[in-house]
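For reference, coords-v5.cif (mmCIF, C-alpha atoms, pLDDT in the B column; chains and numbers go by the auth columns):
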```
data_target
#
loop_
_atom_site.group_PDB
_atom_site.id
_atom_site.type_symbol
_atom_site.label_atom_id
_atom_site.label_comp_id
_atom_site.label_asym_id
_atom_site.label_seq_id
_atom_site.Cartn_x
_atom_site.Cartn_y
_atom_site.Cartn_z
_atom_site.B_iso_or_equiv
_atom_site.auth_seq_id
_atom_site.auth_asym_id
ATOM 1 C CA MET A 1 -68.751 73.800 -19.409 48.00 249 A
ATOM 2 C CA SER A 2 -72.073 72.693 -20.833 48.00 250 A
ATOM 3 C CA ILE A 3 -74.052 69.478 -21.074 52.00 251 A
ATOM 4 C CA PHE A 4 -75.517 68.506 -24.446 46.00 252 A
ATOM 5 C CA PRO A 5 -78.867 66.668 -24.499 46.00 253 A
ATOM 6 C CA SER A 6 -78.848 62.998 -25.390 44.00 254 A
ATOM 7 C CA VAL A 7 -81.290 61.653 -27.947 42.00 255 A
ATOM 8 C CA LEU A 8 -83.510 59.010 -26.358 44.00 256 A
ATOM 9 C CA PHE A 9 -86.392 57.023 -27.771 52.00 257 A
ATOM 10 C CA GLY A 10 -89.861 57.779 -26.411 55.00 258 A
ATOM 11 C CA GLN A 11 -90.594 55.594 -23.409 70.00 259 A
ATOM 12 C CA THR A 12 -93.177 55.294 -20.692 85.00 260 A
ATOM 13 C CA ALA A 13 -92.024 54.532 -17.157 89.00 261 A
ATOM 14 C CA THR A 14 -93.907 54.291 -13.881 95.00 262 A
ATOM 15 C CA PHE A 15 -92.384 55.324 -10.547 96.00 263 A
ATOM 16 C CA SER A 16 -93.565 54.480 -7.040 96.00 264 A
ATOM 17 C CA ALA A 17 -92.152 54.761 -3.497 95.00 265 A
ATOM 18 C CA ASP A 18 -92.558 51.708 -1.262 92.00 266 A
ATOM 19 C CA THR A 19 -93.211 51.837 2.498 88.00 267 A
ATOM 20 C CA SER A 20 -93.284 48.098 3.288 82.00 268 A
ATOM 21 C CA ARG A 21 -89.696 47.944 4.547 74.00 269 A
ATOM 22 C CA PHE A 22 -90.015 50.512 7.303 75.00 270 A
ATOM 23 C CA LEU A 23 -93.614 51.563 7.961 70.00 271 A
ATOM 24 C CA ARG A 24 -94.395 49.150 10.828 66.00 272 A
ATOM 25 C CA GLU A 25 -90.983 48.952 12.498 60.00 273 A
ATOM 26 C CA THR A 26 -89.693 52.519 12.506 62.00 274 A
ATOM 27 C CA ARG A 27 -89.935 54.856 15.511 68.00 275 A
ATOM 28 C CA THR A 28 -92.599 57.513 15.127 73.00 276 A
ATOM 29 C CA ASP A 29 -90.157 60.438 15.257 73.00 277 A
ATOM 30 C CA ILE A 30 -87.926 58.927 12.552 78.00 278 A
ATOM 31 C CA LEU A 31 -90.909 57.793 10.491 85.00 279 A
ATOM 32 C CA GLU A 32 -92.212 61.345 10.246 83.00 280 A
ATOM 33 C CA GLN A 33 -88.876 62.487 8.841 84.00 281 A
ATOM 34 C CA ILE A 34 -88.674 59.601 6.371 87.00 282 A
ATOM 35 C CA MET A 35 -92.175 60.281 5.078 90.00 283 A
ATOM 36 C CA GLU A 36 -91.144 63.827 4.174 92.00 284 A
ATOM 37 C CA ALA A 37 -89.015 62.495 1.289 94.00 285 A
ATOM 38 C CA GLU A 38 -90.120 63.913 -2.035 96.00 286 A
ATOM 39 C CA TRP A 39 -89.263 63.194 -5.674 97.00 287 A
ATOM 40 C CA ASN A 40 -90.233 65.539 -8.491 96.00 288 A
ATOM 41 C CA ILE A 41 -90.103 64.007 -11.966 93.00 289 A
ATOM 42 C CA ASN A 42 -91.138 66.066 -14.991 89.00 290 A
ATOM 43 C CA GLY A 43 -93.366 68.238 -12.822 92.00 291 A
ATOM 44 C CA GLN A 44 -95.032 65.342 -10.989 95.00 292 A
ATOM 45 C CA THR A 45 -94.432 64.813 -7.255 96.00 293 A
ATOM 46 C CA LEU A 46 -94.029 61.454 -5.531 97.00 294 A
ATOM 47 C CA HIS A 47 -93.898 60.578 -1.817 95.00 295 A
ATOM 48 C CA TYR A 48 -93.686 57.314 0.115 93.00 296 A
ATOM 49 C CA GLY A 49 -97.082 55.640 -0.098 88.00 297 A
ATOM 50 C CA SER A 50 -98.540 58.023 -2.687 94.00 298 A
ATOM 51 C CA GLU A 51 -100.016 56.858 -5.976 95.00 299 A
ATOM 52 C CA PRO A 52 -97.483 55.892 -8.679 96.00 300 A
ATOM 53 C CA ILE A 53 -96.707 58.434 -11.375 95.00 301 A
ATOM 54 C CA THR A 54 -96.255 57.749 -15.079 93.00 302 A
ATOM 55 C CA ILE A 55 -93.653 59.644 -17.083 89.00 303 A
ATOM 56 C CA GLU A 56 -93.486 60.205 -20.830 83.00 304 A
ATOM 57 C CA THR A 57 -89.825 60.600 -21.759 73.00 305 A
ATOM 58 C CA ASP A 58 -88.596 62.813 -24.544 67.00 306 A
ATOM 59 C CA ASN A 59 -85.372 63.293 -26.474 63.00 307 A
ATOM 60 C CA THR A 60 -83.371 64.797 -23.623 74.00 308 A
ATOM 61 C CA LEU A 61 -81.771 63.441 -20.487 84.00 309 A
ATOM 62 C CA ASP A 62 -84.176 63.500 -17.568 88.00 310 A
ATOM 63 C CA THR A 63 -83.621 65.062 -14.169 92.00 311 A
ATOM 64 C CA ILE A 64 -85.211 64.008 -10.899 95.00 312 A
ATOM 65 C CA TYR A 65 -85.310 66.492 -8.026 97.00 313 A
ATOM 66 C CA PHE A 66 -85.114 64.846 -4.602 97.00 314 A
ATOM 67 C CA ARG A 67 -85.484 66.307 -1.134 95.00 315 A
ATOM 68 C CA GLN A 68 -85.071 64.094 1.952 92.00 316 A
ATOM 69 C CA GLN A 69 -86.905 66.479 4.302 90.00 317 A
ATOM 70 C CA HIS A 70 -88.943 69.659 3.968 88.00 318 A
ATOM 71 C CA ASN A 71 -86.051 71.840 5.149 89.00 319 A
ATOM 72 C CA ALA A 72 -83.304 69.958 3.246 90.00 320 A
ATOM 73 C CA LYS A 73 -81.637 71.131 0.069 94.00 321 A
ATOM 74 C CA VAL A 74 -82.902 69.765 -3.219 96.00 322 A
ATOM 75 C CA ASP A 75 -80.599 67.303 -5.009 96.00 323 A
ATOM 76 C CA THR A 76 -80.636 67.171 -8.816 97.00 324 A
ATOM 77 C CA LEU A 77 -80.262 63.610 -10.113 97.00 325 A
ATOM 78 C CA ILE A 78 -79.415 62.973 -13.760 96.00 326 A
ATOM 79 C CA CYS A 79 -80.998 59.817 -15.161 91.00 327 A
ATOM 80 C CA ASN A 80 -81.342 58.034 -18.470 81.00 328 A
ATOM 81 C CA ILE A 81 -84.675 56.305 -19.047 73.00 329 A
ATOM 82 C CA ASN A 82 -83.972 53.998 -21.969 71.00 330 A
ATOM 83 C CA LYS A 83 -86.594 51.308 -21.442 77.00 331 A
ATOM 84 C CA PRO A 84 -90.187 51.138 -20.222 82.00 332 A
ATOM 85 C CA GLY A 85 -90.881 49.545 -16.852 88.00 333 A
ATOM 86 C CA HIS A 86 -91.804 50.086 -13.239 94.00 334 A
ATOM 87 C CA PHE A 87 -89.205 51.660 -10.951 95.00 335 A
ATOM 88 C CA THR A 88 -89.570 51.583 -7.176 96.00 336 A
ATOM 89 C CA PHE A 89 -87.860 53.792 -4.599 96.00 337 A
ATOM 90 C CA TYR A 90 -87.016 52.092 -1.271 93.00 338 A
ATOM 91 C CA TYR A 91 -85.824 53.855 1.860 91.00 339 A
ATOM 92 C CA ASN A 92 -82.212 52.931 2.677 88.00 340 A
ATOM 93 C CA GLU A 93 -82.457 51.879 6.330 83.00 341 A
ATOM 94 C CA CYS A 94 -78.686 51.699 6.768 81.00 342 A
ATOM 95 C CA CYS A 95 -77.461 54.970 5.345 80.00 343 A
ATOM 96 C CA GLY A 96 -80.537 57.117 4.710 80.00 344 A
ATOM 97 C CA GLY A 97 -81.506 58.305 1.267 88.00 345 A
ATOM 98 C CA PHE A 98 -82.943 55.654 -0.996 94.00 346 A
ATOM 99 C CA ASN A 99 -82.292 52.829 -3.422 94.00 347 A
ATOM 100 C CA ILE A 100 -84.127 52.289 -6.694 96.00 348 A
ATOM 101 C CA ALA A 101 -85.180 48.899 -8.082 96.00 349 A
ATOM 102 C CA ASP A 102 -86.261 47.941 -11.589 93.00 350 A
ATOM 103 C CA THR A 103 -89.261 45.890 -12.692 92.00 351 A
ATOM 104 C CA SER A 104 -87.588 42.656 -11.535 93.00 352 A
ATOM 105 C CA GLY A 105 -87.133 44.064 -8.019 93.00 353 A
ATOM 106 C CA LYS A 106 -83.344 44.234 -8.281 93.00 354 A
ATOM 107 C CA PHE A 107 -81.441 47.331 -7.205 94.00 355 A
ATOM 108 C CA ILE A 108 -79.808 48.965 -10.211 93.00 356 A
ATOM 109 C CA VAL A 109 -75.999 49.243 -10.285 94.00 357 A
ATOM 110 C CA GLY A 110 -74.521 52.234 -12.066 94.00 358 A
ATOM 111 C CA SER A 111 -71.647 52.245 -14.549 96.00 359 A
ATOM 112 C CA VAL A 112 -70.057 54.843 -16.806 97.00 360 A
ATOM 113 C CA ILE A 113 -67.809 55.093 -19.853 97.00 361 A
ATOM 114 C CA PHE A 114 -65.594 58.198 -19.981 97.00 362 A
ATOM 115 C CA GLN A 115 -64.333 59.382 -23.370 96.00 363 A
ATOM 116 C CA ILE A 116 -62.322 62.282 -24.772 96.00 364 A
ATOM 117 C CA GLN A 117 -63.043 63.462 -28.327 94.00 365 A
ATOM 118 C CA GLY A 118 -60.210 65.498 -29.806 90.00 366 A
ATOM 119 C CA GLN A 119 -56.527 66.050 -29.240 85.00 367 A
ATOM 120 C CA ILE A 120 -55.219 66.636 -25.734 86.00 368 A
ATOM 121 C CA LYS A 121 -51.865 67.879 -24.534 82.00 369 A
ATOM 122 C CA ALA A 122 -49.775 66.070 -21.951 75.00 370 A
ATOM 123 C CA ARG A 123 -52.418 66.314 -19.241 86.00 371 A
ATOM 124 C CA HIS A 124 -54.081 63.887 -16.861 94.00 372 A
ATOM 125 C CA TYR A 125 -57.856 63.507 -16.787 97.00 373 A
ATOM 126 C CA LEU A 126 -59.751 61.552 -14.134 97.00 374 A
ATOM 127 C CA GLY A 127 -63.320 60.296 -14.221 98.00 375 A
ATOM 128 C CA THR A 128 -64.978 59.020 -11.046 98.00 376 A
ATOM 129 C CA LEU A 129 -68.104 57.023 -10.248 97.00 377 A
ATOM 130 C CA GLY A 130 -68.735 57.213 -6.527 95.00 378 A
ATOM 131 C CA GLU A 131 -65.562 56.167 -4.747 94.00 379 A
ATOM 132 C CA THR A 132 -63.860 54.693 -7.845 97.00 380 A
ATOM 133 C CA GLY A 133 -61.897 56.473 -10.564 97.00 381 A
ATOM 134 C CA ILE A 134 -60.193 55.872 -13.902 97.00 382 A
ATOM 135 C CA LEU A 135 -57.607 57.866 -15.855 96.00 383 A
ATOM 136 C CA VAL A 136 -59.008 58.915 -19.229 96.00 384 A
ATOM 137 C CA ASN A 137 -57.263 59.663 -22.527 92.00 385 A
ATOM 138 C CA SER A 138 -58.184 59.956 -26.215 91.00 386 A
ATOM 139 C CA THR A 139 -58.434 56.177 -26.670 90.00 387 A
ATOM 140 C CA SER A 140 -60.390 55.316 -23.512 91.00 388 A
ATOM 141 C CA GLN A 141 -63.465 53.092 -23.988 89.00 389 A
ATOM 142 C CA ASP A 142 -63.474 51.113 -20.741 93.00 390 A
ATOM 143 C CA THR A 143 -66.505 50.749 -18.478 95.00 391 A
ATOM 144 C CA LEU A 144 -66.055 51.941 -14.901 96.00 392 A
ATOM 145 C CA ASN A 145 -68.055 49.980 -12.320 94.00 393 A
ATOM 146 C CA PRO A 146 -68.436 50.751 -8.593 93.00 394 A
ATOM 147 C CA GLY A 147 -65.595 49.726 -6.299 90.00 395 A
ATOM 148 C CA CYS A 148 -64.519 50.559 -2.730 90.00 396 A
ATOM 149 C CA ARG A 149 -68.216 51.040 -2.014 87.00 397 A
ATOM 150 C CA SER A 150 -70.290 49.674 0.835 85.00 398 A
ATOM 151 C CA ALA A 151 -72.915 47.178 -0.291 80.00 399 A
ATOM 152 C CA MET A 152 -75.404 49.149 1.828 85.00 400 A
ATOM 153 C CA ALA A 153 -74.709 52.504 0.168 89.00 401 A
ATOM 154 C CA PRO A 154 -77.602 54.051 -1.790 91.00 402 A
ATOM 155 C CA ASN A 155 -77.435 53.501 -5.543 92.00 403 A
ATOM 156 C CA VAL A 156 -77.173 57.201 -6.347 95.00 404 A
ATOM 157 C CA TYR A 157 -73.661 57.954 -7.594 96.00 405 A
ATOM 158 C CA PRO A 158 -71.619 61.159 -7.722 97.00 406 A
ATOM 159 C CA ILE A 159 -69.958 61.418 -11.148 98.00 407 A
ATOM 160 C CA THR A 160 -67.015 63.765 -11.727 98.00 408 A
ATOM 161 C CA PHE A 161 -64.626 64.471 -14.584 98.00 409 A
ATOM 162 C CA SER A 162 -61.563 66.602 -13.930 97.00 410 A
ATOM 163 C CA GLN A 163 -58.164 67.633 -15.170 96.00 411 A
ATOM 164 C CA ILE A 164 -55.798 66.594 -12.397 95.00 412 A
ATOM 165 C CA GLU A 165 -52.199 66.528 -11.313 93.00 413 A
ATOM 166 C CA VAL A 166 -51.068 63.106 -10.119 93.00 414 A
ATOM 167 C CA CYS A 167 -49.419 63.021 -6.695 90.00 415 A
ATOM 168 C CA THR A 168 -45.647 63.075 -6.526 81.00 416 A
ATOM 169 C CA ASP A 169 -43.307 63.882 -3.677 71.00 417 A
ATOM 170 C CA THR A 170 -43.458 67.553 -4.655 65.00 418 A
ATOM 171 C CA VAL A 171 -47.212 67.881 -5.104 68.00 419 A
ATOM 172 C CA ASP A 172 -49.422 68.701 -2.140 74.00 420 A
ATOM 173 C CA CYS A 173 -52.326 66.288 -2.669 82.00 421 A
ATOM 174 C CA THR A 174 -55.408 66.208 -0.486 84.00 422 A
ATOM 175 C CA GLU A 175 -57.680 64.104 -2.725 92.00 423 A
ATOM 176 C CA GLY A 176 -57.780 60.409 -3.493 93.00 424 A
ATOM 177 C CA THR A 177 -59.818 57.667 -5.139 95.00 425 A
ATOM 178 C CA CYS A 178 -59.752 53.909 -5.635 95.00 426 A
ATOM 179 C CA LEU A 179 -58.207 53.832 -9.097 96.00 427 A
ATOM 180 C CA LEU A 180 -59.027 51.240 -11.738 94.00 428 A
ATOM 181 C CA GLU A 181 -55.777 50.535 -13.579 91.00 429 A
ATOM 182 C CA LEU A 182 -56.157 48.607 -16.807 82.00 430 A
ATOM 183 C CA GLY A 183 -54.626 45.141 -16.781 78.00 431 A
ATOM 184 C CA LEU A 184 -54.649 44.905 -12.988 82.00 432 A
ATOM 185 C CA GLU A 185 -57.211 42.929 -10.999 81.00 433 A
ATOM 186 C CA GLU A 186 -56.869 44.983 -7.803 89.00 434 A
ATOM 187 C CA LEU A 187 -57.818 48.618 -7.445 93.00 435 A
ATOM 188 C CA ASN A 188 -55.142 51.118 -6.463 93.00 436 A
ATOM 189 C CA TYR A 189 -56.409 52.228 -3.046 91.00 437 A
ATOM 190 C CA ALA A 190 -53.625 54.777 -2.537 88.00 438 A
ATOM 191 C CA PHE A 191 -54.016 56.922 -5.674 92.00 439 A
ATOM 192 C CA GLY A 192 -53.701 60.599 -4.786 93.00 440 A
ATOM 193 C CA PHE A 193 -54.231 63.658 -6.940 94.00 441 A
ATOM 194 C CA LYS A 194 -54.825 67.396 -7.013 93.00 442 A
ATOM 195 C CA THR A 195 -57.723 68.831 -9.041 95.00 443 A
ATOM 196 C CA ILE A 196 -56.651 71.447 -11.585 94.00 444 A
ATOM 197 C CA SER A 197 -60.040 71.979 -13.243 95.00 445 A
ATOM 198 C CA LYS A 198 -63.324 70.173 -12.596 96.00 446 A
ATOM 199 C CA LYS A 199 -65.353 69.760 -15.791 97.00 447 A
ATOM 200 C CA LEU A 200 -68.314 67.816 -14.395 97.00 448 A
ATOM 201 C CA ASP A 201 -69.745 67.193 -10.936 98.00 449 A
ATOM 202 C CA CYS A 202 -73.246 65.729 -10.720 97.00 450 A
ATOM 203 C CA LEU A 203 -75.390 63.008 -9.148 97.00 451 A
ATOM 204 C CA TYR A 204 -76.366 60.064 -11.336 97.00 452 A
ATOM 205 C CA LEU A 205 -79.356 57.788 -10.783 97.00 453 A
ATOM 206 C CA PRO A 206 -79.056 54.629 -12.942 94.00 454 A
ATOM 207 C CA LEU A 207 -82.319 53.344 -14.389 91.00 455 A
ATOM 208 C CA SER A 208 -80.783 50.443 -16.299 88.00 456 A
ATOM 209 C CA ASN A 209 -77.569 48.405 -16.323 88.00 457 A
ATOM 210 C CA GLN A 210 -76.467 50.144 -19.517 89.00 458 A
ATOM 211 C CA PRO A 211 -73.494 52.468 -18.845 92.00 459 A
ATOM 212 C CA ILE A 212 -74.000 56.181 -19.163 93.00 460 A
ATOM 213 C CA ILE A 213 -71.458 57.713 -21.559 94.00 461 A
ATOM 214 C CA VAL A 214 -69.629 60.902 -20.581 97.00 462 A
ATOM 215 C CA THR A 215 -67.677 62.547 -23.421 97.00 463 A
ATOM 216 C CA TYR A 216 -65.351 65.508 -22.974 97.00 464 A
ATOM 217 C CA PHE A 217 -64.481 67.842 -25.867 96.00 465 A
ATOM 218 C CA PRO A 218 -61.199 69.628 -24.993 94.00 466 A
ATOM 219 C CA LYS A 219 -61.420 72.199 -27.787 93.00 467 A
ATOM 220 C CA SER A 220 -64.735 73.633 -26.581 94.00 468 A
ATOM 221 C CA ASP A 221 -64.381 72.517 -22.945 94.00 469 A
ATOM 222 C CA GLU A 222 -67.800 70.875 -23.115 96.00 470 A
ATOM 223 C CA ILE A 223 -69.274 67.685 -21.680 96.00 471 A
ATOM 224 C CA ARG A 224 -71.879 65.455 -23.339 95.00 472 A
ATOM 225 C CA MET A 225 -73.789 62.799 -21.406 94.00 473 A
ATOM 226 C CA GLU A 226 -75.873 60.100 -23.075 89.00 474 A
#
```

Rewrite the structure of this file - the entire thing - as structure tokens.
Amino acid sequence: MSIFPSVLFGQTATFSADTSRFLRETRTDILEQIMEAEWNINGQTLHYGSEPITIETDNTLDTIYFRQQHNAKVDTLICNINKPGHFTFYYNECCGGFNIADTSGKFIVGSVIFQIQGQIKARHYLGTLGETGILVNSTSQDTLNPGCRSAMAPNVYPITFSQIEVCTDTVDCTEGTCLLELGLEELNYAFGFKTISKKLDCLYLPLSNQPIIVTYFPKSDEIRME
């Protein structure tokens, strides 16, 4: 499995991390842990309350490296900067982690379009965005939006794409998702499956309301994100 770069226009974006929502009201012991949060973007480091950083984008997808505390593991966040603006990180007081807001101050909601380019055999493929999934075939063009998700959850989304086996009475399934079924208004909350082969598993940080596009090429077993 590999990820191809996506061609993006040159942009300039500024990032900052805001402390106004927690600095005066948070207990000292918790505050010290929160202030350890660190973002690394194109070699520049950002903390809560530090000076904003300005990023020159290039023709590849960007990655942001985030660590909640000094001794925590580093998370790699894939993002797609497709417009200039000011982006602000806010501590998520409910669930930990953070949310990100655009220039207007609104938290950004992620979305994704899963596609398959090329012929596939009689197999099932599942794409997920957070807690919500969609079955994908060679004609899929539908946008998957978040569902079954707490309104307080951080707006960083796990994205996966997998070959699966759908649950039947004879299949031992331990996995599930809220499935978007085309033509139906309600999500299928009881969809169960078994992963046969996971093609993509990453964290996605949306920087605009434009869906990220994930394309799978069965012949080469490759993934492209743009």

With the PyMOL selection byres ((chain A and resi 438-445) around 8) as the selection, what would be picked from this file? Answer as a ChimeraX atom specification, please.
/A:410-415,419-427,436-437,446-447

Just checking: using all atoms listed in the file, which residue out of A:Asp469, A:Glu299, A:Glu379, A:Glu286 ends up closest to A:Phe314?
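Nearest to A:Phe314: A:Glu286.
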
I would like the residues chosen by the PyMOL selection byres ((chain A and resi 393) around 8) on the shown file; could you give them as a list in words?
Gly358, Ser359, Val360, Leu377, Thr380, Thr391, Leu392, Pro394 and Gly395 of chain A

Store the residues of this selection in a file with C-alpha atoms, as a short mmCIF file (atom, residue, chain, number, x, y, z; two decimals), keeping the file's coordinate frame.
```cif
data_model
loop_
_atom_site.label_atom_id
_atom_site.label_comp_id
_atom_site.auth_asym_id
_atom_site.auth_seq_id
_atom_site.Cartn_x
_atom_site.Cartn_y
_atom_site.Cartn_z
CA GLY A 358 -74.52 52.23 -12.07
CA SER A 359 -71.65 52.24 -14.55
CA VAL A 360 -70.06 54.84 -16.81
CA LEU A 377 -68.10 57.02 -10.25
CA THR A 380 -63.86 54.69 -7.84
CA THR A 391 -66.50 50.75 -18.48
CA LEU A 392 -66.06 51.94 -14.90
CA PRO A 394 -68.44 50.75 -8.59
CA GLY A 395 -65.60 49.73 -6.30
#
```

Care to translate the PyMOL selection byres ((chain A and resi 452-468) around 7) into actual residues of this file, as a PyMOL selection string?
chain A and resi 325-329+356-366+368+404-407+450-451+469-474

Point-to-point distance from atom CA of A:Phe346 to atom CA of A:Gly291, Å rounded to tenths:
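The value is 20.2 Å.
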
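With distances restricted to only C-alpha atoms, A:Thr336 is the closest residue to A:Gly297 from A:Ala399, A:Thr336, A:Thr262, A:His372.
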
Grab the atom CA of A:Glu341 to atom CA of A:Gln292 distance for me, in Å with one decimal place.
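It comes out at 25.3 Å.
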
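Computed from the coordinates, the atom CA of A:Ala265 to atom CA of A:Phe337 distance equals 4.5 Å.
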